[in-house]
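Visitor: Let me begin by handing over the structure; questions about it come next.
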Amino acid sequence: MRPFLYERPETIDEVFALLDRAAPESSKLLAGGTDLLPLMKDEIVAPNELIDIKRLVEIDDQIELTADGLRIGALATLAEIENNPFVRADYAALSQAAGLAASPQLRNMATIGGNLLQRPRCWYFRDSEVHCWLKGGEECFAVEGENQLHAIFDGSPCHAVHPSDLAAALLMFGASVVARGATHERTIAIEDFFTLPKADHRIEHMLRPDEMIVAITLPSRPTTARSVYVKAMDRAVWAFALIGVAALLDVQEGRIAEARLVLSGAAPIPWRVAKADSLLLNSTPGPKIFGDAARLAMDGAEPLSQNAYKLPLAEALILRALAAAAESPAT
């Protein structure tokens with residue numbers, strides 16, 4: 001790890017003053033540090049300055065019900081989200097996603113703001129000796145290399161998958177990211193916040209270098225809506241998703257009034273499968289329609305040489321998630 005300057009400002013204005021004086025990418029904000037510090041150790045990023053925001057009073061870790069839904073402060077930890085009674089009662093898939101992420105020790109440190117901004121775990125991206133496309137190179141080495149954990153949906157020259165379990169659940173719930181800059185605050189729908197990396201924007205989100213996440217908001221849900229998050233891992237616990245599924249069903253009078261499916265571990269960003277959602281609408285829940293939706297969800301998938309197993313795995317998990325959402329208590 002290269003030497004860096006550590007700053008611990010007392011106000012958010014001081015944070016933006018520090019960011020303003022620095023060149024882009026030369027400063028990084030530090031909260032839980034569970035992704036940033038490993039990136040620094042591997043010299044994937046080498047900021048000249050770390051700005052500790054963990055104790056700023058203007059950014060909080062509160063989780064509270066509002067008139068419009070739920071607000072989660074950017075410093076809320078995954079453990080706090082997993083165990084919060086409001087989240088468990090009304091947004092069960094988000095609680096489950098938090099509980100399936102990482103280890104208990106990391107969940108006690110990692111914040112939701114940092115979780116959404118974490119970079120891919122692709123072994124080519126994480127190798128400081130490999131100049132892959134996402135780091136400014138000419139090619140994604142996963143295309144012809146070891147790609148068993150990579151994307152089955154792409155749309156980007158990068159074939160890494162987004163590592164966040166919570167991001168899939170938040171996209172399913174129609175959440176928004178509240179971002180603050182020195183002179184502005186803006187709310188970004190999470191479907192717009194995550195973006196496929198392109199040649200002129202080789203990162204997975206739309207947060208600007210001079211902004212920080214201050215909160216996540218989730219709209220209120222019908223009391224009849226039910227949600228679940230499931231995932232498959234390459235070891236029993238504490239691993240990133242080979243495939244994860246966030247599913248929401250709102251069944252009224254025996255028919256599906258709303259359906260939302262989002263995949264993790266399948267693409268460079270959380271992947272919405274809107275065709276499957278549309279198929280489920282107005283249908284009677286059951287194994288037949290769930291199976292049809294699972295197969296339709298794979299429409300457009302383009303697996304690489306070593307990860308075609310993800311297609312039947314995703315179908316099986318979608319079936320499991322939809323069945324659980326249809327049977328679970330309203331959340």
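The way I read the labels, and the way they are meant: chains A, B, ... in the order of the structure tokens, residue 1 as the first residue of every chain, and ligand 1 as the first ligand shown, with later ones counted on from there.
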Taking only C-alpha atoms into account, produce a table as a tab-separated table in which each residue of segment 229-275 of chain A with an atom at most 12 Å from an atom of segment 197-220 of chain A appears once, together with its shortest atom pair and the distance in Å to one decimal, ordered by chain and rising number.
Guide:
residue	atom	partner	partner_atom	distance
A:Ala267	CA	A:Glu204	CA	10.6
A:Pro268	CA	A:Glu204	CA	7.1
A:Ile269	CA	A:Glu204	CA	6.6
A:Pro270	CA	A:Glu204	CA	9.9
Visitor: Got a sec: who's within 9 Å of segment 135-146 of chain A, counting only C-alpha atoms, leaving out chain neighbours fewer than 6 positions off, as a list in words?
Guide: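 Neighbouring residues, sequence-local ones excluded: Ile44, Cys122, Trp123, Tyr124, Phe125, Pro157, Cys158, His159, Ala160, Ala199, Arg202, Leu304, Ser305 and Gln306 of chain A.
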Visitor: Using N, CA and C atoms, can you export the residues from the last selection as a JSON list (two decimals), in the first residue's frame?
Guide:
[["chain", "number", "residue", "atom", "x", "y", "z"],
["A", 44, "ILE", "N", -4.85, -1.33, -6.67],
["A", 44, "ILE", "CA", -5.79, -1.09, -7.76],
["A", 44, "ILE", "C", -6.19, 0.39, -7.75],
["A", 122, "CYS", "N", -13.83, -9.44, -9.89],
["A", 122, "CYS", "CA", -13.17, -10.13, -11.00],
["A", 122, "CYS", "C", -11.67, -10.24, -10.73],
["A", 123, "TRP", "N", -11.13, -11.44, -10.90],
["A", 123, "TRP", "CA", -9.71, -11.65, -10.59],
["A", 123, "TRP", "C", -8.78, -10.90, -11.53],
["A", 124, "TYR", "N", -9.24, -10.58, -12.72],
["A", 124, "TYR", "CA", -8.41, -9.77, -13.62],
["A", 124, "TYR", "C", -8.39, -8.31, -13.16],
["A", 125, "PHE", "N", -9.55, -7.80, -12.77],
["A", 125, "PHE", "CA", -9.61, -6.43, -12.26],
["A", 125, "PHE", "C", -8.82, -6.29, -10.97],
["A", 157, "PRO", "N", -18.29, -3.90, -22.64],
["A", 157, "PRO", "CA", -17.03, -4.62, -22.90],
["A", 157, "PRO", "C", -16.51, -5.35, -21.67],
["A", 158, "CYS", "N", -16.97, -4.97, -20.48],
["A", 158, "CYS", "CA", -16.56, -5.64, -19.24],
["A", 158, "CYS", "C", -17.53, -6.77, -18.92],
["A", 159, "HIS", "N", -17.00, -7.93, -18.55],
["A", 159, "HIS", "CA", -17.83, -9.09, -18.24],
["A", 159, "HIS", "C", -17.81, -9.43, -16.74],
["A", 160, "ALA", "N", -17.30, -8.55, -15.92],
["A", 160, "ALA", "CA", -17.36, -8.75, -14.47],
["A", 160, "ALA", "C", -18.80, -8.62, -14.01],
["A", 199, "ALA", "N", -16.86, 2.84, -22.80],
["A", 199, "ALA", "CA", -15.49, 3.30, -23.06],
["A", 199, "ALA", "C", -15.19, 4.63, -22.40],
["A", 202, "ARG", "N", -15.84, 4.10, -17.35],
["A", 202, "ARG", "CA", -15.49, 2.73, -16.97],
["A", 202, "ARG", "C", -15.69, 2.51, -15.47],
["A", 304, "LEU", "N", -20.40, -17.16, -21.32],
["A", 304, "LEU", "CA", -19.04, -17.34, -21.83],
["A", 304, "LEU", "C", -18.70, -18.83, -21.83],
["A", 305, "SER", "N", -17.46, -19.17, -22.10],
["A", 305, "SER", "CA", -17.09, -20.57, -22.32],
["A", 305, "SER", "C", -17.23, -21.44, -21.08],
["A", 306, "GLN", "N", -17.15, -20.84, -19.87],
["A", 306, "GLN", "CA", -17.13, -21.64, -18.65],
["A", 306, "GLN", "C", -18.26, -21.32, -17.67]]
Visitor: Report the residues of segment 166-251 of chain A whose backbone DSSP state falls under strand (DSSP E or B), written as a VMD selection string.
Guide: chain A and resid 176 to 180 185 to 189 194 198 201 205 212 to 219 225 to 232 243 to 251
Visitor: Among segment 129-303 of chain A, which residues carry a DSSP assignment of alpha helix (DSSP H), reported as a ChimeraX atom specification?
Guide: /A:165-172,190-193,274-280,287-297
Visitor: Take the residues from that selection and put them in a file with N, CA, C and O atoms, as a compact mmCIF listing (two decimals), in the first residue's frame.
Guide:
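As a result, out-v5.txt now contains:
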# COMPACT_ATOMS: atom_id res chain seq x y z
N ASP A 165 -25.22 -7.77 -3.09
CA ASP A 165 -26.52 -8.42 -2.91
C ASP A 165 -27.60 -7.37 -2.66
O ASP A 165 -28.71 -7.47 -3.18
N LEU A 166 -27.28 -6.35 -1.87
CA LEU A 166 -28.28 -5.35 -1.52
C LEU A 166 -28.74 -4.56 -2.73
O LEU A 166 -29.91 -4.15 -2.81
N ALA A 167 -27.85 -4.35 -3.70
CA ALA A 167 -28.22 -3.58 -4.88
C ALA A 167 -29.37 -4.22 -5.63
O ALA A 167 -30.27 -3.53 -6.13
N ALA A 168 -29.37 -5.55 -5.71
CA ALA A 168 -30.46 -6.24 -6.41
C ALA A 168 -31.78 -6.03 -5.69
O ALA A 168 -32.82 -5.76 -6.32
N ALA A 169 -31.77 -6.15 -4.37
CA ALA A 169 -33.00 -5.95 -3.61
C ALA A 169 -33.48 -4.51 -3.72
O ALA A 169 -34.68 -4.24 -3.86
N LEU A 170 -32.57 -3.56 -3.66
CA LEU A 170 -32.95 -2.15 -3.76
C LEU A 170 -33.54 -1.82 -5.12
O LEU A 170 -34.51 -1.07 -5.23
N LEU A 171 -32.96 -2.37 -6.18
CA LEU A 171 -33.51 -2.16 -7.52
C LEU A 171 -34.91 -2.76 -7.61
O LEU A 171 -35.82 -2.15 -8.20
N MET A 172 -35.09 -3.93 -7.04
CA MET A 172 -36.40 -4.56 -7.06
C MET A 172 -37.45 -3.69 -6.36
O MET A 172 -38.59 -3.57 -6.80
N ILE A 190 -32.51 4.29 -8.53
CA ILE A 190 -31.40 3.33 -8.53
C ILE A 190 -31.24 2.66 -9.89
O ILE A 190 -30.15 2.23 -10.26
N GLU A 191 -32.32 2.58 -10.67
CA GLU A 191 -32.20 2.02 -12.02
C GLU A 191 -31.37 2.93 -12.92
O GLU A 191 -30.81 2.47 -13.92
N ASP A 192 -31.29 4.21 -12.58
CA ASP A 192 -30.44 5.14 -13.32
C ASP A 192 -29.06 5.28 -12.67
O ASP A 192 -28.10 5.67 -13.34
N PHE A 193 -28.98 4.99 -11.37
CA PHE A 193 -27.72 5.11 -10.65
C PHE A 193 -26.70 4.10 -11.15
O PHE A 193 -25.53 4.42 -11.36
N ALA A 274 -37.36 -7.59 -16.99
CA ALA A 274 -38.70 -7.01 -17.11
C ALA A 274 -39.64 -7.90 -17.93
O ALA A 274 -40.85 -7.89 -17.69
N LYS A 275 -39.10 -8.66 -18.90
CA LYS A 275 -39.97 -9.53 -19.69
C LYS A 275 -40.65 -10.57 -18.80
O LYS A 275 -41.84 -10.88 -18.98
N ALA A 276 -39.91 -11.11 -17.85
CA ALA A 276 -40.49 -12.09 -16.93
C ALA A 276 -41.52 -11.43 -16.03
O ALA A 276 -42.56 -12.01 -15.72
N ASP A 277 -41.25 -10.19 -15.60
CA ASP A 277 -42.22 -9.45 -14.79
C ASP A 277 -43.54 -9.33 -15.54
O ASP A 277 -44.62 -9.56 -14.99
N SER A 278 -43.45 -8.94 -16.80
CA SER A 278 -44.66 -8.73 -17.61
C SER A 278 -45.45 -10.02 -17.79
O SER A 278 -46.68 -10.02 -17.76
N LEU A 279 -44.73 -11.12 -17.97
CA LEU A 279 -45.40 -12.41 -18.13
C LEU A 279 -46.21 -12.77 -16.88
O LEU A 279 -47.31 -13.34 -16.97
N LEU A 280 -45.66 -12.45 -15.71
CA LEU A 280 -46.31 -12.83 -14.46
C LEU A 280 -47.56 -12.00 -14.16
O LEU A 280 -48.47 -12.47 -13.46
N PRO A 287 -46.57 -23.18 -10.14
CA PRO A 287 -45.33 -23.70 -10.75
C PRO A 287 -45.24 -23.48 -12.25
O PRO A 287 -44.16 -23.20 -12.77
N LYS A 288 -46.37 -23.59 -12.97
CA LYS A 288 -46.31 -23.45 -14.43
C LYS A 288 -45.89 -22.04 -14.84
O LYS A 288 -44.94 -21.86 -15.63
N ILE A 289 -46.57 -21.04 -14.34
CA ILE A 289 -46.23 -19.67 -14.74
C ILE A 289 -44.87 -19.26 -14.19
O ILE A 289 -44.11 -18.53 -14.83
N PHE A 290 -44.51 -19.77 -13.01
CA PHE A 290 -43.20 -19.47 -12.45
C PHE A 290 -42.10 -20.07 -13.32
O PHE A 290 -41.06 -19.44 -13.56
N GLY A 291 -42.31 -21.29 -13.81
CA GLY A 291 -41.33 -21.91 -14.69
C GLY A 291 -41.19 -21.17 -16.00
O GLY A 291 -40.09 -20.98 -16.52
N ASP A 292 -42.33 -20.73 -16.56
CA ASP A 292 -42.29 -19.96 -17.80
C ASP A 292 -41.53 -18.65 -17.60
O ASP A 292 -40.74 -18.23 -18.46
N ALA A 293 -41.77 -18.00 -16.46
CA ALA A 293 -41.08 -16.74 -16.17
C ALA A 293 -39.58 -16.96 -15.99
O ALA A 293 -38.77 -16.15 -16.46
N ALA A 294 -39.21 -18.05 -15.35
CA ALA A 294 -37.79 -18.34 -15.13
C ALA A 294 -37.07 -18.55 -16.46
O ALA A 294 -35.96 -18.06 -16.67
N ARG A 295 -37.71 -19.26 -17.37
CA ARG A 295 -37.09 -19.49 -18.68
C ARG A 295 -37.03 -18.19 -19.48
O ARG A 295 -36.01 -17.90 -20.13
N LEU A 296 -38.07 -17.39 -19.41
CA LEU A 296 -38.08 -16.13 -20.15
C LEU A 296 -37.03 -15.17 -19.59
O LEU A 296 -36.47 -14.35 -20.33
N ALA A 297 -36.76 -15.27 -18.30
CA ALA A 297 -35.75 -14.39 -17.68
C ALA A 297 -34.37 -14.60 -18.29
O ALA A 297 -33.53 -13.69 -18.25
Visitor: Please determine, counting only C-alpha atoms, which residue among A:Ala225, A:Ala46, A:Leu319, A:Ala266 has the shortest atom-to-atom distance to Pro163 of chain A.
Guide: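 For Pro163 of chain A, the nearest of the given residues is A:Ala266.
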Visitor: Could you tell me how far atom CA of Val87 of chain A sits from atom CA of Leu70 of chain A, in Å to one decimal place?
Guide: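 So the answer is 8.3 Å.
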Visitor: What does the distance between atom CA of Leu19 of chain A and atom CA of Ala179 of chain A come to in Å, to one decimal place?
Guide: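 Straight-line distance from atom CA of Leu19 of chain A to atom CA of Ala179 of chain A works out to 14.9 Å.
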Visitor: Closest to Ala326 of chain A among A:Ile243, A:Trp271, A:Thr224, A:Ser103, using only C-alpha atoms?
Guide: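 Of all the options, A:Thr224 lies closest to Ala326 of chain A.
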